[in-house]
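Structure first, then comments.
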Amino acid sequence: MIHHPPPAASARHPAVAVAALLIAAPAVPAAADSTVSTLTVAVSQQVDSFNPFTAQLAVTTTVLGHVYDRLLTNDPRTGEPAPALAESWETGEDGLTWTFHLRRDAVFSDGEPLTSDDVVWTLTTVMENEAAAVAGGNYVAGFEKVTAPDDHTVVVELARPQATMTSLDVPIVPRHVWEPILEREGEGFAGHTGEDLPTVGSGPFVLTEHARGRSITLEANPGHWRGAPGFDRIVLRYYSEKDAAVEALRGGEVSFVPDLTDAQATSLEGAEDIAVNFADGKRFQAFTVNPGARTRDGEEFGDGHPALADRTLRRAIAMAVDNQEIVDKAHGGRAVAAGGYIPARYTDFHWAPEGGETDPDFAPDTADALLDEAGYARGADGVRVSPDGDRLRLRMHVHQDRPDNVNAGLIVAERLAGIGIEVENLTVDPGVLSDALHAGEYDLIFTGWTVSPDPDYVLGIHTCDALPLEPGTMQGDAYFCDEEYDELYEAQLREYDPGRRAEIVRDLQRILHREAVVNVLAYPDIREAYRTDHIDPSSVQVQPDPGGNIWGQDGYWALWSARPAAWTGGASGDGLPPVARAGIGAAALLAAAAGTAVLLHRKATEEDRE
């Protein structure tokens with residue numbers, strides 16, 4: 001079957017949804033030239049690595065998503081697969097051979113043409129080198145061979161059908177730059193930070209500067225095949241406190257602030273020259289339970305409470321928490337009470353428990369009864385003791401930099417006390433939380449993932465293969481391994497029929513719910529604010545359109561299409577921003593993962609994942 005590019009998307013840009021990238025010349029380093037338009041975005045997450053083969057955290061994958069193109073992207077309006085480096089693609093009848101036809105005008109920022117050789121080398125390197133497969137290994141796990149019949153054709157031969165072939169989130173890198181690095185670094189390649197700046201990529205921006213703890217700078221790539229971005233420079237500026245970032249927005253020092261709390265968003269509504277954008281959430285808030293940290297070969301480590309290996313206790317913990325209370329009190333109503341692992345935004349894959357299928361979501365009386373029956377007797381102070389004599393005092397790690405997590409943690413601690421479980425509520429720095437997770441030295445821990453339109457990645461982090469090879473190398477956020485889950489995960493990956501695949505994905509969520517290692521609480525709304533005097537509100541593509549988000553898009557649409565507020569038309573003189581002329585082209589949101597990823601996307605050790 002042949003896959004053609006989708007019809008060009010007509011651009012709708014409601015001002016209230018246009019939110020995030022703006023020009024802010026004040027206090028921007030290296031912006032002495034007043035003719036250079038600069039968009040400044042407030043961020044809080046530190047970089048892990050700019051190595052596109054290993055980068056995991058949302059802020060990094062967001063940056064790299066603007067530096068390196070992929071074979072395919074996601075439509076700016078619908079989020080469906082759309083052409084990028086590959087203009088079209090086709091599959092054989094058995095679904096085992098995929099042919100991608102590359103565009104002929106893609107050039108790397110150093111002037112070298114991008115050819116099928118770069119694509120083949122990138123994908124083969126991820127296939128064959130474990131150190132290069134940290135971020136995207138799951139996307140090529142079923143690949144047998146990648147070849148190039150000519151300079152603009154790539155053929156992928158699969159060992160088995162793979163439903164994620166139109167969502168390959170693998171940055172295509174220049175072979176002439178990265179092959180020498182790989183040869184030089186050898187076994188240490190996974191530790192290569194990728195800070196040989198400026199970067200060489202084929203994306204709409206070039207990474208030119210990184211001052212750790214201060215800023216990240218990207219310059220527009222005027223030779224990008226979609227056309228030059230509207231802003232000459234993008235600066236991501238660090239703010240350790242979100243309230244400080246909000247004040248910087250009020251003062252015009254930054255133009256966009258993502259991931260607002262409900263109180264912050266409410267306080268900005270109606271402010272002069274500031275607009276607030278709300279969209280349905282694409283990430284989930286959760287807390288995971290430590291059922292016993294272990295490596296892939298079964299080596300146990302960490303100091304998780306031994307009673308948490310008991311599914312009955314884990315289920316009781318989940319049943320004691322009212323997700324609607326979390327929405328109302330921790331999120332001010334700006335969220336949706338969670339059911340399954342996939343946010344309600346993704347209607348095809350979303351699942352929620354129903355009566356008779358599994359235990360009710362909120363049933364503290366049932367939780368109490370389960371614990372009584374299982375022999376968890378209450379002591380004189382009301383705190384239960386396990387059948388093995390271990391007092392149920394659990395440590396709970398919560399991100400201190402996320403008010404919605406802090407508030408939710410207080411609620412969880414109170415509700416667990418109601419069923420006889422004492423909670424030591426540890427509100428800590430994200431780095432401390434990350435260290436505890438990787439060391440297996442926690443009992444309950446807050447987490448969250450941004451989910452992409454294709455849920456394969458976030459489902460894959462709970463397979464047995466995602467367990468760490470050695471302590472400190474885990475790919476996900478829960479030490480979960482279940483044979484039935486693994487079989488269903490492989491089945492959904494092989495299923496090309498959308499309806500059948502969706503059924504299997506829902507079955508996977510039933511298992512996660514039943515085993516109660518990953519307890520999803522809420523799907524927070526996306527809340528973001530921007531200055532309307534810094535950016536032309538008609539120039540930014542939201543996703544989905546209308547009513548979608550800007551920060552955390554699947555693609556680089558928002559930043560690429562955004563224009564300074566004074567912009568009055570392009571060289572063509574038609575008065576339309578490029579997104580309205582370029583069909584699916586339009587884009588560049590430097591934060592496609594800030595809350596994002598992911599996303600979808602990639603694993604990380606702190607809550608803000610892609």
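Letters A, B, ... go to the chains of the structure tokens in the order shown; residues in each chain start at 1; ligands are counted from 1 in the same order.
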
Spatial neighbours of region 425-431 of chain A, max dist 12 Å, only C-alpha atoms, sep filter under 4 positions, as a PDB file with N, CA, C and O atoms, in the first residue's frame:
```
ATOM      1  N   SER A  44      12.974  25.296  33.244  1.00  0.00           N
ATOM      2  CA  SER A  44      13.519  24.979  34.566  1.00  0.00           C
ATOM      3  C   SER A  44      14.360  23.715  34.566  1.00  0.00           C
ATOM      4  O   SER A  44      15.199  23.528  35.455  1.00  0.00           O
ATOM      5  N   GLN A  45      14.165  22.851  33.596  1.00  0.00           N
ATOM      6  CA  GLN A  45      14.865  21.567  33.589  1.00  0.00           C
ATOM      7  C   GLN A  45      16.268  21.707  33.016  1.00  0.00           C
ATOM      8  O   GLN A  45      16.473  22.367  32.000  1.00  0.00           O
ATOM      9  N   GLN A  46      17.222  21.079  33.671  1.00  0.00           N
ATOM     10  CA  GLN A  46      18.600  21.092  33.193  1.00  0.00           C
ATOM     11  C   GLN A  46      18.793  20.044  32.094  1.00  0.00           C
ATOM     12  O   GLN A  46      18.066  19.061  32.006  1.00  0.00           O
ATOM     13  N   ASP A  48      20.440  16.963  30.107  1.00  0.00           N
ATOM     14  CA  ASP A  48      21.188  15.747  30.410  1.00  0.00           C
ATOM     15  C   ASP A  48      22.294  15.529  29.383  1.00  0.00           C
ATOM     16  O   ASP A  48      23.443  15.293  29.719  1.00  0.00           O
ATOM     17  N   SER A 240      14.807  28.744  38.239  1.00  0.00           N
ATOM     18  CA  SER A 240      14.615  27.639  39.170  1.00  0.00           C
ATOM     19  C   SER A 240      13.264  27.710  39.853  1.00  0.00           C
ATOM     20  O   SER A 240      12.736  26.694  40.315  1.00  0.00           O
ATOM     21  N   GLU A 241      12.683  28.903  39.922  1.00  0.00           N
ATOM     22  CA  GLU A 241      11.367  29.073  40.527  1.00  0.00           C
ATOM     23  C   GLU A 241      10.381  29.551  39.464  1.00  0.00           C
ATOM     24  O   GLU A 241      10.631  30.553  38.785  1.00  0.00           O
ATOM     25  N   ARG A 393       5.264   1.750  57.190  1.00  0.00           N
ATOM     26  CA  ARG A 393       5.704   3.140  57.120  1.00  0.00           C
ATOM     27  C   ARG A 393       6.451   3.301  55.801  1.00  0.00           C
ATOM     28  O   ARG A 393       7.526   2.733  55.610  1.00  0.00           O
ATOM     29  N   LEU A 394       5.862   4.056  54.869  1.00  0.00           N
ATOM     30  CA  LEU A 394       6.392   4.154  53.505  1.00  0.00           C
ATOM     31  C   LEU A 394       6.933   5.545  53.218  1.00  0.00           C
ATOM     32  O   LEU A 394       6.310   6.545  53.562  1.00  0.00           O
ATOM     33  N   ARG A 395       8.096   5.588  52.584  1.00  0.00           N
ATOM     34  CA  ARG A 395       8.644   6.860  52.116  1.00  0.00           C
ATOM     35  C   ARG A 395       8.001   7.212  50.780  1.00  0.00           C
ATOM     36  O   ARG A 395       7.898   6.373  49.889  1.00  0.00           O
ATOM     37  N   MET A 396       7.616   8.453  50.636  1.00  0.00           N
ATOM     38  CA  MET A 396       7.048   8.916  49.377  1.00  0.00           C
ATOM     39  C   MET A 396       7.835  10.130  48.892  1.00  0.00           C
ATOM     40  O   MET A 396       7.862  11.169  49.537  1.00  0.00           O
ATOM     41  N   HIS A 397       8.487  10.012  47.730  1.00  0.00           N
ATOM     42  CA  HIS A 397       9.273  11.096  47.149  1.00  0.00           C
ATOM     43  C   HIS A 397       8.393  11.913  46.204  1.00  0.00           C
ATOM     44  O   HIS A 397       7.766  11.365  45.299  1.00  0.00           O
ATOM     45  N   VAL A 398       8.396  13.231  46.414  1.00  0.00           N
ATOM     46  CA  VAL A 398       7.560  14.146  45.635  1.00  0.00           C
ATOM     47  C   VAL A 398       8.424  15.304  45.145  1.00  0.00           C
ATOM     48  O   VAL A 398       9.264  15.823  45.887  1.00  0.00           O
ATOM     49  N   HIS A 399       8.218  15.736  43.876  1.00  0.00           N
ATOM     50  CA  HIS A 399       8.968  16.860  43.328  1.00  0.00           C
ATOM     51  C   HIS A 399       8.580  18.165  44.025  1.00  0.00           C
ATOM     52  O   HIS A 399       7.433  18.587  43.952  1.00  0.00           O
ATOM     53  N   GLN A 400       9.538  18.801  44.661  1.00  0.00           N
ATOM     54  CA  GLN A 400       9.229  20.044  45.354  1.00  0.00           C
ATOM     55  C   GLN A 400       9.000  21.212  44.389  1.00  0.00           C
ATOM     56  O   GLN A 400       8.426  22.235  44.762  1.00  0.00           O
ATOM     57  N   ASP A 401       9.447  21.058  43.131  1.00  0.00           N
ATOM     58  CA  ASP A 401       9.328  22.153  42.172  1.00  0.00           C
ATOM     59  C   ASP A 401       8.005  22.111  41.403  1.00  0.00           C
ATOM     60  O   ASP A 401       7.795  22.929  40.511  1.00  0.00           O
ATOM     61  N   ARG A 402       7.120  21.176  41.714  1.00  0.00           N
ATOM     62  CA  ARG A 402       5.834  21.074  41.031  1.00  0.00           C
ATOM     63  C   ARG A 402       4.718  21.159  42.068  1.00  0.00           C
ATOM     64  O   ARG A 402       4.405  20.163  42.738  1.00  0.00           O
ATOM     65  N   PRO A 403       4.091  22.324  42.212  1.00  0.00           N
ATOM     66  CA  PRO A 403       3.055  22.488  43.236  1.00  0.00           C
ATOM     67  C   PRO A 403       1.921  21.469  43.138  1.00  0.00           C
ATOM     68  O   PRO A 403       1.379  21.049  44.163  1.00  0.00           O
ATOM     69  N   ASP A 404       1.561  21.065  41.895  1.00  0.00           N
ATOM     70  CA  ASP A 404       0.485  20.097  41.780  1.00  0.00           C
ATOM     71  C   ASP A 404       0.891  18.745  42.362  1.00  0.00           C
ATOM     72  O   ASP A 404       0.061  18.029  42.937  1.00  0.00           O
ATOM     73  N   ASN A 405       2.181  18.402  42.261  1.00  0.00           N
ATOM     74  CA  ASN A 405       2.658  17.172  42.887  1.00  0.00           C
ATOM     75  C   ASN A 405       2.717  17.315  44.404  1.00  0.00           C
ATOM     76  O   ASN A 405       2.368  16.389  45.145  1.00  0.00           O
ATOM     77  N   VAL A 406       3.188  18.464  44.862  1.00  0.00           N
ATOM     78  CA  VAL A 406       3.254  18.696  46.313  1.00  0.00           C
ATOM     79  C   VAL A 406       1.857  18.578  46.921  1.00  0.00           C
ATOM     80  O   VAL A 406       1.656  17.903  47.941  1.00  0.00           O
ATOM     81  N   ASN A 407       0.878  19.228  46.292  1.00  0.00           N
ATOM     82  CA  ASN A 407      -0.497  19.173  46.806  1.00  0.00           C
ATOM     83  C   ASN A 407      -1.068  17.765  46.729  1.00  0.00           C
ATOM     84  O   ASN A 407      -1.750  17.306  47.654  1.00  0.00           O
ATOM     85  N   ALA A 408      -0.797  17.075  45.617  1.00  0.00           N
ATOM     86  CA  ALA A 408      -1.292  15.712  45.489  1.00  0.00           C
ATOM     87  C   ALA A 408      -0.648  14.795  46.524  1.00  0.00           C
ATOM     88  O   ALA A 408      -1.304  13.898  47.072  1.00  0.00           O
ATOM     89  N   GLY A 409       0.640  15.029  46.802  1.00  0.00           N
ATOM     90  CA  GLY A 409       1.317  14.213  47.805  1.00  0.00           C
ATOM     91  C   GLY A 409       0.689  14.327  49.176  1.00  0.00           C
ATOM     92  O   GLY A 409       0.575  13.338  49.912  1.00  0.00           O
ATOM     93  N   LEU A 410       0.264  15.530  49.533  1.00  0.00           N
ATOM     94  CA  LEU A 410      -0.401  15.722  50.822  1.00  0.00           C
ATOM     95  C   LEU A 410      -1.701  14.934  50.886  1.00  0.00           C
ATOM     96  O   LEU A 410      -2.044  14.335  51.917  1.00  0.00           O
ATOM     97  N   ILE A 411      -2.430  14.927  49.766  1.00  0.00           N
ATOM     98  CA  ILE A 411      -3.695  14.197  49.725  1.00  0.00           C
ATOM     99  C   ILE A 411      -3.445  12.689  49.823  1.00  0.00           C
ATOM    100  O   ILE A 411      -4.129  11.979  50.570  1.00  0.00           O
ATOM    101  N   VAL A 412      -2.465  12.193  49.060  1.00  0.00           N
ATOM    102  CA  VAL A 412      -2.165  10.761  49.087  1.00  0.00           C
ATOM    103  C   VAL A 412      -1.765  10.329  50.497  1.00  0.00           C
ATOM    104  O   VAL A 412      -2.236   9.301  51.002  1.00  0.00           O
ATOM    105  N   ALA A 413      -0.921  11.119  51.149  1.00  0.00           N
ATOM    106  CA  ALA A 413      -0.487  10.768  52.504  1.00  0.00           C
ATOM    107  C   ALA A 413      -1.673  10.697  53.460  1.00  0.00           C
ATOM    108  O   ALA A 413      -1.773   9.775  54.296  1.00  0.00           O
ATOM    109  N   GLU A 414      -2.592  11.645  53.335  1.00  0.00           N
ATOM    110  CA  GLU A 414      -3.764  11.666  54.216  1.00  0.00           C
ATOM    111  C   GLU A 414      -4.663  10.464  53.959  1.00  0.00           C
ATOM    112  O   GLU A 414      -5.165   9.838  54.902  1.00  0.00           O
ATOM    113  N   LEU A 416      -3.866   7.529  52.633  1.00  0.00           N
ATOM    114  CA  LEU A 416      -3.250   6.266  53.042  1.00  0.00           C
ATOM    115  C   LEU A 416      -3.263   6.110  54.558  1.00  0.00           C
ATOM    116  O   LEU A 416      -3.405   4.993  55.075  1.00  0.00           O
ATOM    117  N   ALA A 417      -3.157   7.233  55.255  1.00  0.00           N
ATOM    118  CA  ALA A 417      -3.281   7.154  56.716  1.00  0.00           C
ATOM    119  C   ALA A 417      -4.648   6.604  57.107  1.00  0.00           C
ATOM    120  O   ALA A 417      -4.784   5.901  58.117  1.00  0.00           O
ATOM    121  N   ASP A 435      17.833  10.298  41.911  1.00  0.00           N
ATOM    122  CA  ASP A 435      18.830   9.400  42.502  1.00  0.00           C
ATOM    123  C   ASP A 435      18.147   8.263  43.266  1.00  0.00           C
ATOM    124  O   ASP A 435      18.588   7.106  43.199  1.00  0.00           O
ATOM    125  N   ALA A 436      17.097   8.588  43.984  1.00  0.00           N
ATOM    126  CA  ALA A 436      16.380   7.566  44.752  1.00  0.00           C
ATOM    127  C   ALA A 436      15.755   6.533  43.818  1.00  0.00           C
ATOM    128  O   ALA A 436      15.779   5.323  44.089  1.00  0.00           O
ATOM    129  N   LEU A 437      15.199   7.013  42.705  1.00  0.00           N
ATOM    130  CA  LEU A 437      14.580   6.110  41.740  1.00  0.00           C
ATOM    131  C   LEU A 437      15.606   5.134  41.178  1.00  0.00           C
ATOM    132  O   LEU A 437      15.386   3.917  41.145  1.00  0.00           O
ATOM    133  N   HIS A 438      16.736   5.649  40.740  1.00  0.00           N
ATOM    134  CA  HIS A 438      17.740   4.800  40.103  1.00  0.00           C
ATOM    135  C   HIS A 438      18.409   3.861  41.096  1.00  0.00           C
ATOM    136  O   HIS A 438      18.864   2.775  40.705  1.00  0.00           O
ATOM    137  N   TYR A 442      13.394   3.874  47.515  1.00  0.00           N
ATOM    138  CA  TYR A 442      12.132   4.579  47.708  1.00  0.00           C
ATOM    139  C   TYR A 442      11.041   3.533  47.880  1.00  0.00           C
ATOM    140  O   TYR A 442      11.238   2.338  47.612  1.00  0.00           O
ATOM    141  N   ASP A 443       9.879   3.995  48.320  1.00  0.00           N
ATOM    142  CA  ASP A 443       8.706   3.120  48.404  1.00  0.00           C
ATOM    143  C   ASP A 443       7.626   3.583  47.420  1.00  0.00           C
ATOM    144  O   ASP A 443       7.148   2.806  46.597  1.00  0.00           O
ATOM    145  N   LEU A 444       7.261   4.862  47.504  1.00  0.00           N
ATOM    146  CA  LEU A 444       6.340   5.479  46.552  1.00  0.00           C
ATOM    147  C   LEU A 444       7.075   6.677  45.960  1.00  0.00           C
ATOM    148  O   LEU A 444       7.807   7.359  46.663  1.00  0.00           O
ATOM    149  N   ILE A 445       6.858   6.951  44.680  1.00  0.00           N
ATOM    150  CA  ILE A 445       7.581   8.060  44.058  1.00  0.00           C
ATOM    151  C   ILE A 445       6.720   8.682  42.963  1.00  0.00           C
ATOM    152  O   ILE A 445       6.102   7.972  42.170  1.00  0.00           O
ATOM    153  N   PHE A 446       6.644  10.005  42.951  1.00  0.00           N
ATOM    154  CA  PHE A 446       5.840  10.690  41.945  1.00  0.00           C
ATOM    155  C   PHE A 446       6.564  10.713  40.605  1.00  0.00           C
ATOM    156  O   PHE A 446       7.792  10.839  40.548  1.00  0.00           O
ATOM    157  N   THR A 447       5.786  10.608  39.560  1.00  0.00           N
ATOM    158  CA  THR A 447       6.352  10.558  38.224  1.00  0.00           C
ATOM    159  C   THR A 447       5.332  11.091  37.239  1.00  0.00           C
ATOM    160  O   THR A 447       4.229  11.484  37.606  1.00  0.00           O
ATOM    161  N   ALA A 604      13.365   9.147  31.033  1.00  0.00           N
ATOM    162  CA  ALA A 604      14.163  10.115  31.760  1.00  0.00           C
ATOM    163  C   ALA A 604      14.121   9.762  33.221  1.00  0.00           C
ATOM    164  O   ALA A 604      13.427   8.853  33.630  1.00  0.00           O
ATOM    165  N   THR A 605      14.867  10.503  34.036  1.00  0.00           N
ATOM    166  CA  THR A 605      14.932  10.189  35.447  1.00  0.00           C
ATOM    167  C   THR A 605      14.209  11.203  36.303  1.00  0.00           C
ATOM    168  O   THR A 605      14.198  11.085  37.517  1.00  0.00           O
ATOM    169  N   GLU A 606      13.612  12.208  35.703  1.00  0.00           N
ATOM    170  CA  GLU A 606      12.823  13.173  36.445  1.00  0.00           C
ATOM    171  C   GLU A 606      11.438  13.215  35.844  1.00  0.00           C
ATOM    172  O   GLU A 606      11.164  12.587  34.833  1.00  0.00           O
ATOM    173  N   GLU A 607      10.536  13.999  36.449  1.00  0.00           N
ATOM    174  CA  GLU A 607       9.163  13.924  35.986  1.00  0.00           C
ATOM    175  C   GLU A 607       8.951  14.487  34.610  1.00  0.00           C
ATOM    176  O   GLU A 607       8.126  13.991  33.870  1.00  0.00           O
ATOM    177  N   ASP A 608       9.658  15.538  34.217  1.00  0.00           N
ATOM    178  CA  ASP A 608       9.411  16.151  32.913  1.00  0.00           C
ATOM    179  C   ASP A 608      10.053  15.335  31.816  1.00  0.00           C
ATOM    180  O   ASP A 608      11.159  15.584  31.400  1.00  0.00           O
TER     181      ASP A 608
END
```

Please identify every residue of region 44-155 of chain A that has at least one atom no farther than 12 Å from an atom of region 465-486 of chain A, counting only C-alpha atoms, and for each give the shortest atom pair and the distance in Å to one decimal, arranged by chain then increasing number, as CSV.
```
residue,atom,partner,partner_atom,distance
A:Thr54,CA,A:Gln475,CA,11.3
A:Ala55,CA,A:Gln475,CA,11.9
A:Gln56,CA,A:Gln475,CA,9.4
A:Leu57,CA,A:Gln475,CA,11.7
A:Glu130,CA,A:Leu469,CA,11.7
A:Ala131,CA,A:Thr473,CA,12.0
A:Ala133,CA,A:Gln475,CA,11.4
A:Val134,CA,A:Gln475,CA,8.3
A:Ala135,CA,A:Gln475,CA,9.1
A:Gly136,CA,A:Gln475,CA,11.3
A:Gly137,CA,A:Ala466,CA,11.0
A:Asn138,CA,A:Ala466,CA,10.0
A:Ala141,CA,A:Asp465,CA,11.5
```

Run DSSP on the backbone and tell me which residues of region 304-381 of chain A come out as helix (DSSP H, G or I); list them as a PyMOL selection string. chain A and resi 306-309+311-319+323-330+364-373

Close residues, Ser167 (chain A) itself excluded, 10 Å, only C-alpha atoms, min 6 positions apart in chain, as a PyMOL selection string: chain A and resi 70-74+80-82+139+452-456

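Considering only C-alpha atoms, the residue among A:Ala338, A:Leu392, A:Ile317, A:Val385 positioned nearest to Arg415 (chain A) is A:Ile317.
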
Quote the spacing between CA of Asp328 (chain A) and CA of Arg283 (chain A) in Å to one decimal place. 17.5 Å

Can you pull out the residues contacting Gly270 (chain A)? Cut-off 12 Å, using only C-alpha atoms, and skip same-chain residues under 2 positions away; I want them as number ranges by chain. A: 16, 250, 265-268, 272-277, 529, 531-532

I'd like the contact shell of Val505 (chain A) - 8 Å cut-off, only C-alpha atoms, skipping same-chain residues fewer than 6 positions apart - returned as a ChimeraX atom specification. /A:349,488-489,492
